[in-house]
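Below is the file query.txt, which contains compact mmCIF, C-alpha atoms.
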```
# COMPACT_ATOMS: atom_id res chain seq x y z
CA MET T 1 121.12 145.15 64.01
CA LYS T 2 122.04 148.27 62.09
CA ASN T 3 125.35 146.65 61.12
CA PHE T 4 123.57 143.54 59.93
CA LEU T 5 121.20 145.58 57.78
CA LEU T 6 124.11 147.51 56.33
CA ASN T 7 125.93 144.28 55.52
CA THR T 8 122.95 142.82 53.72
CA VAL T 9 122.52 146.01 51.75
CA ILE T 10 126.20 145.94 50.76
CA ALA T 11 125.92 142.28 49.80
CA ASP T 12 122.92 143.14 47.69
CA ILE T 13 124.47 145.97 45.74
CA THR T 14 128.03 144.66 45.38
CA PRO T 15 127.26 142.15 42.61
CA GLN T 16 125.95 144.95 40.49
CA VAL T 17 129.10 146.96 41.15
CA THR T 18 131.45 144.21 39.96
CA GLU T 19 129.12 143.44 37.13
CA SER T 20 129.08 146.99 35.88
CA LEU T 21 132.90 147.01 36.07
CA PHE T 22 132.85 143.84 34.03
CA ARG T 23 130.48 145.14 31.41
CA THR T 24 131.01 148.90 31.21
CA SER T 25 132.92 148.61 27.97
CA GLY T 26 130.48 146.05 26.54
CA LYS T 27 133.44 144.18 25.12
CA ILE T 28 132.54 140.93 26.86
CA TYR T 29 129.90 140.40 24.20
CA VAL T 30 132.67 140.26 21.61
CA VAL T 31 134.26 137.39 23.53
CA VAL T 32 130.90 135.65 23.83
CA GLY T 33 130.37 136.03 20.09
CA ILE T 34 133.79 134.61 19.24
CA LEU T 35 133.29 131.65 21.58
CA THR T 36 129.91 131.00 20.00
CA ILE T 37 131.46 130.99 16.52
CA ILE T 38 134.25 128.60 17.56
CA PHE T 39 131.87 126.29 19.36
CA SER T 40 129.40 126.16 16.49
CA LEU T 41 132.19 125.40 14.00
CA ILE T 42 133.52 122.58 16.20
CA THR T 43 129.97 121.25 16.51
CA ILE T 44 129.43 121.34 12.74
CA TYR T 45 132.75 119.53 12.29
CA LEU T 46 131.73 116.83 14.77
CA ILE T 47 128.31 116.41 13.15
CA ARG T 48 129.90 116.00 9.72
CA LEU T 49 132.42 113.50 11.13
CA ASP T 50 129.55 111.59 12.70
CA ALA T 51 127.66 111.55 9.39
CA LYS T 52 130.74 110.33 7.50
CA ILE T 53 131.23 107.45 9.92
CA THR T 54 127.55 106.55 9.73
CA LYS T 55 127.89 106.42 5.94
CA LEU T 56 130.93 104.14 6.19
CA GLU T 57 129.11 101.89 8.67
CA THR T 58 126.10 101.46 6.40
CA ALA T 59 128.40 100.87 3.42
CA SER T 60 130.41 98.11 5.09
CA LYS T 61 127.40 96.20 6.40
CA MET Q 62 127.27 98.29 18.77
CA ALA Q 63 129.29 101.28 19.61
CA LYS Q 64 126.79 103.68 18.18
CA ILE Q 65 124.47 104.99 20.83
CA PRO Q 66 120.98 104.69 19.31
CA TYR Q 67 119.77 107.98 20.79
CA LYS Q 68 120.34 111.06 18.71
CA TRP Q 69 118.90 113.38 21.32
CA TYR Q 70 121.93 113.17 23.59
CA LYS Q 71 124.05 114.93 20.99
CA ILE Q 72 121.46 117.67 20.58
CA LEU Q 73 121.24 117.97 24.37
CA ALA Q 74 125.04 118.25 24.58
CA ILE Q 75 125.11 121.04 21.99
CA LEU Q 76 122.26 122.95 23.63
CA LEU Q 77 123.65 122.64 27.15
CA LEU Q 78 127.16 123.59 26.06
CA GLY Q 79 125.90 126.56 24.11
CA TYR Q 80 123.97 127.69 27.17
CA THR Q 81 127.05 127.14 29.35
CA LEU Q 82 129.40 129.05 27.07
CA ILE Q 83 127.13 132.05 26.59
CA TYR Q 84 125.34 132.36 29.90
CA GLY Q 85 128.39 131.26 31.89
CA LEU Q 86 130.18 134.38 30.71
CA LEU Q 87 127.25 136.74 31.22
CA ILE Q 88 125.85 135.49 34.52
CA PRO Q 89 126.04 137.97 37.42
CA LEU Q 90 128.42 136.77 40.10
CA PRO Q 91 128.13 136.62 43.89
CA ALA Q 92 130.14 139.33 45.61
CA ASP Q 93 132.04 137.13 48.07
CA VAL Q 94 134.34 135.10 45.85
CA GLY Q 95 137.41 136.95 47.12
CA MET Q 96 140.56 136.91 45.07
CA LEU Q 97 138.97 134.71 42.43
CA ASP Q 98 136.91 137.63 41.09
CA GLU Q 99 135.70 137.06 37.57
CA THR Q 100 137.83 133.92 37.23
CA ILE Q 101 135.16 132.07 39.25
CA ARG Q 102 133.50 131.62 35.86
CA ASN Q 103 136.12 128.92 35.29
CA LEU Q 104 133.87 126.85 37.54
CA PHE Q 105 131.80 126.19 34.42
CA TYR Q 106 134.78 125.12 32.29
CA HIS Q 107 137.53 123.73 34.52
CA VAL Q 108 135.53 121.78 37.11
CA PRO Q 109 133.23 119.92 34.65
CA MET Q 110 136.38 118.48 33.04
CA TRP Q 111 137.12 116.56 36.24
CA PHE Q 112 133.51 115.49 36.82
CA GLY Q 113 133.23 114.37 33.21
CA MET Q 114 136.55 112.54 33.44
CA MET Q 115 135.34 110.60 36.49
CA ILE Q 116 132.05 109.67 34.80
CA ILE Q 117 133.71 108.65 31.52
CA LEU Q 118 136.47 106.64 33.23
CA MET Q 119 133.82 104.87 35.29
CA ILE Q 120 131.88 103.85 32.18
CA ALA Q 121 135.19 102.68 30.68
CA TRP Q 122 135.82 100.64 33.84
CA ILE Q 123 132.42 98.97 33.51
CA TYR Q 124 133.12 98.16 29.85
CA SER Q 125 136.49 96.64 30.79
CA ILE Q 126 134.74 94.36 33.28
CA LEU Q 127 132.17 93.45 30.61
CA TYR Q 128 135.00 92.59 28.21
CA LEU Q 129 136.65 90.21 30.66
CA GLN Q 130 133.27 88.60 31.33
CA ASN Q 131 132.16 87.87 27.79
CA GLN Q 132 135.28 88.43 25.64
CA ASN Q 133 133.42 90.64 23.18
CA PRO Q 134 136.13 92.67 21.38
CA LYS Q 135 133.71 95.56 20.85
CA HIS Q 136 133.50 96.15 24.58
CA GLU Q 137 137.25 96.50 24.77
CA ILE Q 138 137.29 98.98 21.90
CA ILE Q 139 134.60 101.04 23.62
CA ALA Q 140 136.50 100.88 26.91
CA ARG Q 141 139.69 102.03 25.19
CA ALA Q 142 137.99 104.91 23.39
CA LEU Q 143 136.34 106.03 26.64
CA THR Q 144 139.58 105.78 28.60
CA PHE Q 145 141.53 107.85 26.10
CA THR Q 146 138.74 110.43 26.05
CA GLY Q 147 138.85 110.46 29.84
CA ILE Q 148 142.60 111.09 29.73
CA LEU Q 149 141.99 113.91 27.26
CA MET Q 150 139.47 115.47 29.64
CA GLY Q 151 141.92 115.06 32.51
CA LEU Q 152 144.64 116.81 30.53
CA CYS Q 153 142.21 119.62 29.69
CA GLY Q 154 141.42 119.93 33.39
CA LEU Q 155 145.11 119.84 34.30
CA PHE Q 156 146.16 122.56 31.87
CA THR Q 157 143.17 124.80 32.57
CA GLY Q 158 143.84 124.32 36.27
CA MET Q 159 147.50 125.25 35.84
CA PHE Q 160 146.55 128.38 33.90
CA TRP Q 161 143.91 129.32 36.47
CA GLY Q 162 146.31 128.65 39.33
CA TYR Q 163 149.03 130.73 37.68
CA ASN Q 164 146.68 133.69 37.54
CA THR Q 165 145.16 133.39 41.01
CA TRP Q 166 147.64 131.55 43.27
CA GLY Q 167 150.67 132.95 41.48
CA SER Q 168 152.19 129.65 40.41
CA PRO Q 169 151.01 126.95 38.03
CA TRP Q 170 151.77 124.13 40.45
CA THR Q 171 151.47 124.09 44.23
CA ASN Q 172 152.45 121.20 46.41
CA ASP Q 173 148.85 120.33 47.13
CA PRO Q 174 147.36 116.86 47.79
CA LYS Q 175 144.70 117.27 45.12
CA LEU Q 176 147.12 118.39 42.41
CA ASN Q 177 149.70 115.75 43.21
CA GLY Q 178 147.03 113.07 43.38
CA VAL Q 179 145.80 113.98 39.93
CA ALA Q 180 149.34 114.03 38.56
CA VAL Q 181 149.97 110.52 39.88
CA GLY Q 182 146.60 109.40 38.54
CA MET Q 183 147.49 110.66 35.08
CA THR Q 184 150.72 108.63 35.33
CA MET Q 185 148.59 105.54 36.04
CA TYR Q 186 146.65 106.11 32.85
CA ALA Q 187 149.90 106.78 30.98
CA GLY Q 188 150.73 103.19 32.00
CA TYR Q 189 147.46 102.08 30.38
CA TRP Q 190 148.55 103.78 27.16
CA LEU Q 191 152.01 102.17 27.37
CA ILE Q 192 150.48 98.69 27.71
CA GLN Q 193 148.52 99.35 24.53
CA LYS Q 194 151.75 100.30 22.78
CA SER Q 195 153.99 97.48 23.99
CA VAL Q 196 151.94 94.36 23.27
CA ASP Q 197 151.62 93.12 19.70
CA ASP Q 198 149.01 90.40 19.97
CA GLY Q 199 145.55 92.00 19.81
CA GLU Q 200 143.70 89.65 22.13
CA LYS Q 201 146.46 89.67 24.75
CA LYS Q 202 146.73 93.45 24.54
CA ALA Q 203 143.00 93.78 25.11
CA ARG Q 204 143.13 91.41 28.07
CA LEU Q 205 146.12 93.02 29.80
CA ALA Q 206 144.84 96.55 29.23
CA SER Q 207 141.40 95.63 30.61
CA VAL Q 208 142.93 94.03 33.68
CA TYR Q 209 145.12 97.07 34.29
CA ASN Q 210 142.17 99.42 33.76
CA ILE Q 211 140.02 97.50 36.25
CA PHE Q 212 142.92 97.54 38.69
CA ILE Q 213 143.78 101.24 38.52
CA PHE Q 214 140.35 102.86 38.57
CA PRO Q 215 139.59 102.14 42.27
CA LEU Q 216 143.09 103.26 43.22
CA PHE Q 217 142.65 106.42 41.15
CA ILE Q 218 139.39 107.15 42.97
CA ALA Q 219 141.13 106.54 46.30
CA LEU Q 220 143.93 108.85 45.22
CA ILE Q 221 141.86 111.85 44.22
CA PHE Q 222 138.93 111.54 46.64
CA VAL Q 223 140.30 109.96 49.80
CA MET Q 224 143.79 111.47 49.93
CA PRO Q 225 142.75 115.15 49.77
CA LYS Q 226 140.11 114.50 52.44
CA LEU Q 227 142.83 113.09 54.71
CA ALA Q 228 145.03 116.13 54.26
CA LYS Q 229 144.68 118.78 56.95
CA PHE Q 230 144.89 121.71 54.59
CA SER Q 231 144.56 122.14 50.90
CA ILE Q 232 144.61 125.32 48.85
CA HIS Q 233 142.42 123.71 46.23
CA PRO Q 234 138.66 124.05 46.83
CA GLY Q 235 136.62 120.96 47.59
CA SER Q 236 139.14 119.18 49.81
CA GLY Q 237 140.23 119.27 53.44
CA GLU Q 238 139.02 122.38 55.23
CA SER Q 239 139.22 124.82 52.36
CA VAL Q 240 136.44 126.69 50.67
CA ASN Q 241 133.86 125.00 48.51
CA PHE Q 242 130.70 125.76 46.62
CA LYS Q 243 128.56 126.00 49.76
CA THR Q 244 130.60 128.77 51.38
CA TYR Q 245 129.62 131.26 48.71
CA ASN Q 246 126.62 133.49 49.02
CA LYS Q 247 123.36 131.60 48.86
CA THR Q 248 121.82 134.24 46.64
CA ASN Q 249 124.02 133.28 43.71
CA ASN Q 250 122.63 131.45 40.74
CA MET Q 251 125.89 129.84 39.62
CA GLU Q 252 124.45 126.39 40.25
CA MET Q 253 122.02 127.06 37.43
CA VAL Q 254 124.95 127.00 35.03
CA PHE Q 255 127.23 124.60 36.91
CA TYR Q 256 125.09 121.45 36.70
CA PRO Q 257 124.10 121.92 33.04
CA ALA Q 258 127.80 122.54 32.35
CA ILE Q 259 128.74 119.16 33.85
CA ILE Q 260 126.08 117.31 31.86
CA GLY Q 261 126.86 119.20 28.67
CA TRP Q 262 130.62 118.70 28.76
CA THR Q 263 130.26 115.03 29.70
CA LEU Q 264 127.83 114.31 26.86
CA PHE Q 265 130.03 116.22 24.42
CA PHE Q 266 133.06 114.10 25.28
CA VAL Q 267 130.96 110.93 25.24
CA TRP Q 268 130.09 111.90 21.69
CA ILE Q 269 133.79 112.22 20.82
CA ALA Q 270 134.47 108.83 22.43
CA GLU Q 271 131.60 107.33 20.45
CA ILE Q 272 133.05 108.57 17.18
CA ARG Q 273 136.44 107.17 18.13
CA ALA Q 274 134.99 103.78 19.08
CA ARG Q 275 133.02 103.56 15.86
CA TYR Q 276 136.15 104.41 13.86
CA GLU Q 277 138.15 101.72 15.66
CA ILE Q 278 135.43 99.12 15.07
CA LEU Q 279 135.33 100.00 11.37
CA LYS Q 280 139.12 99.69 11.20
CA GLN Q 281 138.96 96.32 12.92
CA ARG Q 282 136.32 95.11 10.47
CA LYS Q 283 138.42 96.25 7.50
CA GLU Q 284 141.44 94.36 8.83
CA ASN Q 285 139.40 91.21 9.36
CA GLU Q 286 138.06 91.43 5.82
CA LYS Q 287 141.62 91.75 4.51
CA LEU Q 288 142.64 88.77 6.61
CA PHE Q 289 139.93 86.46 5.29
CA ALA Q 290 139.81 87.77 1.72
CA MET L 291 164.49 106.25 67.71
CA VAL L 292 161.10 104.67 67.29
CA ASP L 293 158.96 105.49 70.29
CA ASP L 294 155.98 103.31 69.54
CA THR L 295 157.50 100.05 68.32
CA LEU L 296 154.32 98.03 68.19
CA SER L 297 152.29 100.41 66.02
CA PHE L 298 155.36 101.10 63.90
CA LEU L 299 155.65 97.38 63.18
CA LEU L 300 151.94 97.16 62.40
CA ILE L 301 152.17 100.08 59.96
CA ALA L 302 155.28 98.60 58.36
CA ILE L 303 153.54 95.24 57.87
CA VAL L 304 150.37 96.77 56.41
CA THR L 305 152.24 99.13 54.07
CA GLY L 306 154.66 96.43 52.99
CA GLY L 307 151.83 94.02 52.36
CA GLY L 308 150.07 96.54 50.15
CA ILE L 309 153.20 97.37 48.19
CA SER L 310 154.09 93.72 47.66
CA SER L 311 150.57 92.84 46.47
CA VAL L 312 150.59 95.78 44.03
CA PHE L 313 153.98 94.62 42.74
CA THR L 314 152.70 91.06 42.34
CA ILE L 315 149.85 92.13 40.08
CA SER L 316 151.64 94.78 38.05
CA SER L 317 154.75 92.65 37.53
CA SER L 318 152.60 89.81 36.25
CA ILE L 319 151.04 92.27 33.80
CA ALA L 320 154.43 93.67 32.82
CA ALA L 321 155.87 90.16 32.35
CA LYS L 322 153.37 89.56 29.55
CA THR L 323 154.38 92.67 27.57
CA ASN L 324 157.26 93.09 25.15
CA HIS L 325 159.40 95.25 27.44
CA PRO L 326 158.86 93.91 30.97
CA GLY L 327 161.89 95.58 32.50
CA MET L 328 160.94 98.99 31.20
CA LEU L 329 157.24 98.74 31.88
CA LEU L 330 157.36 97.41 35.45
CA PRO L 331 158.47 100.63 37.20
CA VAL L 332 156.21 102.76 35.00
CA LEU L 333 153.16 100.66 35.82
CA THR L 334 153.94 100.19 39.50
CA PHE L 335 155.21 103.54 40.68
CA PRO L 336 151.93 105.48 40.46
CA LEU L 337 150.08 102.60 42.12
CA ILE L 338 152.27 102.49 45.22
CA VAL L 339 152.36 106.27 45.71
CA PRO L 340 149.12 106.46 47.75
CA LEU L 341 150.23 103.53 49.93
CA LEU L 342 153.65 105.08 50.47
CA LEU L 343 152.27 108.52 51.31
CA ILE L 344 149.86 107.19 53.93
CA GLY L 345 152.46 104.76 55.29
CA VAL L 346 155.13 107.44 55.64
CA LYS L 347 152.71 109.77 57.39
CA ALA L 348 151.55 107.06 59.81
CA SER L 349 155.06 105.82 60.62
CA LYS L 350 156.16 109.40 61.28
CA LYS L 351 153.45 109.56 63.92
CA ALA L 352 154.64 106.23 65.36
CA THR L 353 158.29 107.31 65.53
CA ASP L 354 157.26 110.50 67.30
CA GLY L 355 155.34 108.41 69.83
CA LEU L 356 151.98 110.13 69.38
CA GLY L 357 150.13 106.99 70.44
CA PHE L 358 148.35 104.36 68.40
CA MET L 359 145.04 106.24 68.18
CA THR L 360 146.55 109.04 66.08
CA SER L 361 147.71 106.67 63.36
CA PHE L 362 144.68 104.37 63.61
CA PRO L 363 142.72 105.96 60.69
CA ASP L 364 145.77 105.64 58.44
CA VAL L 365 146.18 101.96 59.36
CA LEU L 366 142.50 101.41 58.68
CA ILE L 367 142.73 103.00 55.22
CA LEU L 368 145.88 101.00 54.44
CA LEU L 369 144.09 97.81 55.49
CA LEU L 370 141.10 98.64 53.29
CA MET L 371 143.38 99.34 50.34
CA ASN L 372 145.16 96.04 51.00
CA ILE L 373 141.87 94.18 50.93
CA LEU L 374 140.85 95.98 47.73
CA ILE L 375 144.13 95.19 45.99
CA VAL L 376 144.19 91.55 47.08
CA VAL L 377 140.56 90.95 46.09
CA LEU L 378 141.09 92.59 42.69
CA GLY L 379 144.32 90.65 42.23
CA VAL L 380 142.73 87.30 43.06
CA LEU L 381 139.86 88.01 40.69
CA LEU L 382 142.04 89.28 37.85
CA VAL L 383 145.12 87.06 37.91
CA LYS L 384 143.47 84.28 35.94
CA PHE L 385 142.87 86.72 33.07
CA ILE L 386 146.53 87.76 33.09
CA TRP L 387 147.97 84.25 32.97
CA LYS L 388 145.45 82.78 30.54
CA GLU L 389 147.20 81.78 27.34
```
Just dump the structure as structure tokens.
Amino acid sequence: MKNFLLNTVIADITPQVTESLFRTSGKIYVVVGILTIIFSLITIYLIRLDAKITKLETASK
Amino acid sequence: MAKIPYKWYKILAILLLGYTLIYGLLIPLPADVGMLDETIRNLFYHVPMWFGMMIILMIAWIYSILYLQNQNPKHEIIARALTFTGILMGLCGLFTGMFWGYNTWGSPWTNDPKLNGVAVGMTMYAGYWLIQKSVDDGEKKARLASVYNIFIFPLFIALIFVMPKLAKFSIHPGSGESVNFKTYNKTNNMEMVFYPAIIGWTLFFVWIAEIRARYEILKQRKENEKLFA
Amino acid sequence: MVDDTLSFLLIAIVTGGGISSVFTISSSIAAKTNHPGMLLPVLTFPLIVPLLLIGVKASKKATDGLGFMTSFPDVLILLLMNILIVVLGVLLVKFIWKE
């Protein structure tokens, strides 16, 4: 019983341990920011491509 | 028409992918993922490639059947665009998987039923591409490619779903008696990112396929105009 | 030598039937292209790999004499794949040979 309780406690606190290791430097936010920039640029590119094709489609009708 | 008349699916794709990219990196992880550690976040980027590939190839399969039924060239163009997008997703999944495997298993390629099945499946679709390249007549090319596509999809499914289940042991999760999603701690909230990730990636690649199909249809129309002008 | 001749023969027939039906379809596709000789192995090889893998595994069990029940699931899957390939082939062949 005691062992079980101990295990659940460990399971409860361990995520925070790894997480703090992951985030202590705070540098992960830099990676998130860069990914966001890349993704938004790709998205803008796709939207513009889509608009260009729509224009061509309406022109050739 | 190749253009999907709903704009909202593109917006949904962007929103879901943005959520996946940002929250997938920041989400707290369960403690019991073992040697995978932080790389378990690849679940939101590597695995949806395969799910999306299956969905997109299945839609392509349906469009191939439709083409053979009513001989509408647009259906074949859509099927081709979807199949090539599916292959692109498969290659993304293959390379991300190799990179992930190199950093966790220690080698980019293990002799595993799932990996070998996917490699053979990609060779099948390379055959689809070769048929497109080695027939000149447009109508015949469309017919042969559709027939081959209809023929290989069920075998591909058999290869990557049935074969790994038959294998006694597989190092890759989700096959045989190895680990899968359910073995991880129930307290985790990874599923909250995983399912949106699948939908988001799939819709994003459907969008790419749509643009490709529309381009091909425009090209076809231009050529026809030149022919009859 | 082969311990379980009867099941070995059964596996050989089922595997061979599957491989020959795959070859029938894919060679009729390849015959219609510009480079039939080059395209035939490329189109066919990936399609027969699942059949070969299951067939080899099952016939290994038969040669070791493990009894028919051990290789029964493999034979069943091979049979199902045979049916799938033959049905698809019968349905699709008219689209391949239409001129």
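Relative to atom CA of Q:Ala121, atom CA of Q:Ala274 is found at 11.7 Å.
Proximity to L:Val377 at 12 Å, evaluated using only C-alpha atoms and with sequence-adjacent residues fewer than 2 positions away removed, yields Ile211, Phe212 and Pro215 of chain Q; Gly308, Ser311, Val312, Ile315, Leu370, Met371, Asn372, Ile373, Leu374, Ile375, Gly379, Val380, Leu381, Leu382 and Val383 of chain L.
With only C-alpha atoms as the atoms that count, the residue of Q:Val208, Q:Tyr276, Q:Tyr67, Q:Gly158 with the shortest distance to chain T is Q:Tyr276.
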Applying 7 Å and only C-alpha atoms, which residues near L:Leu368 remain after dropping the ones on its own chain fewer than 5 positions away? List them as number ranges by chain.
L: 304-305, 341
Find, counting all atoms listed in the file, the residue in Q:Met185, Q:Met110, Q:Ile269, Q:Leu288 that gets nearest to chain T.
Q:Ile269
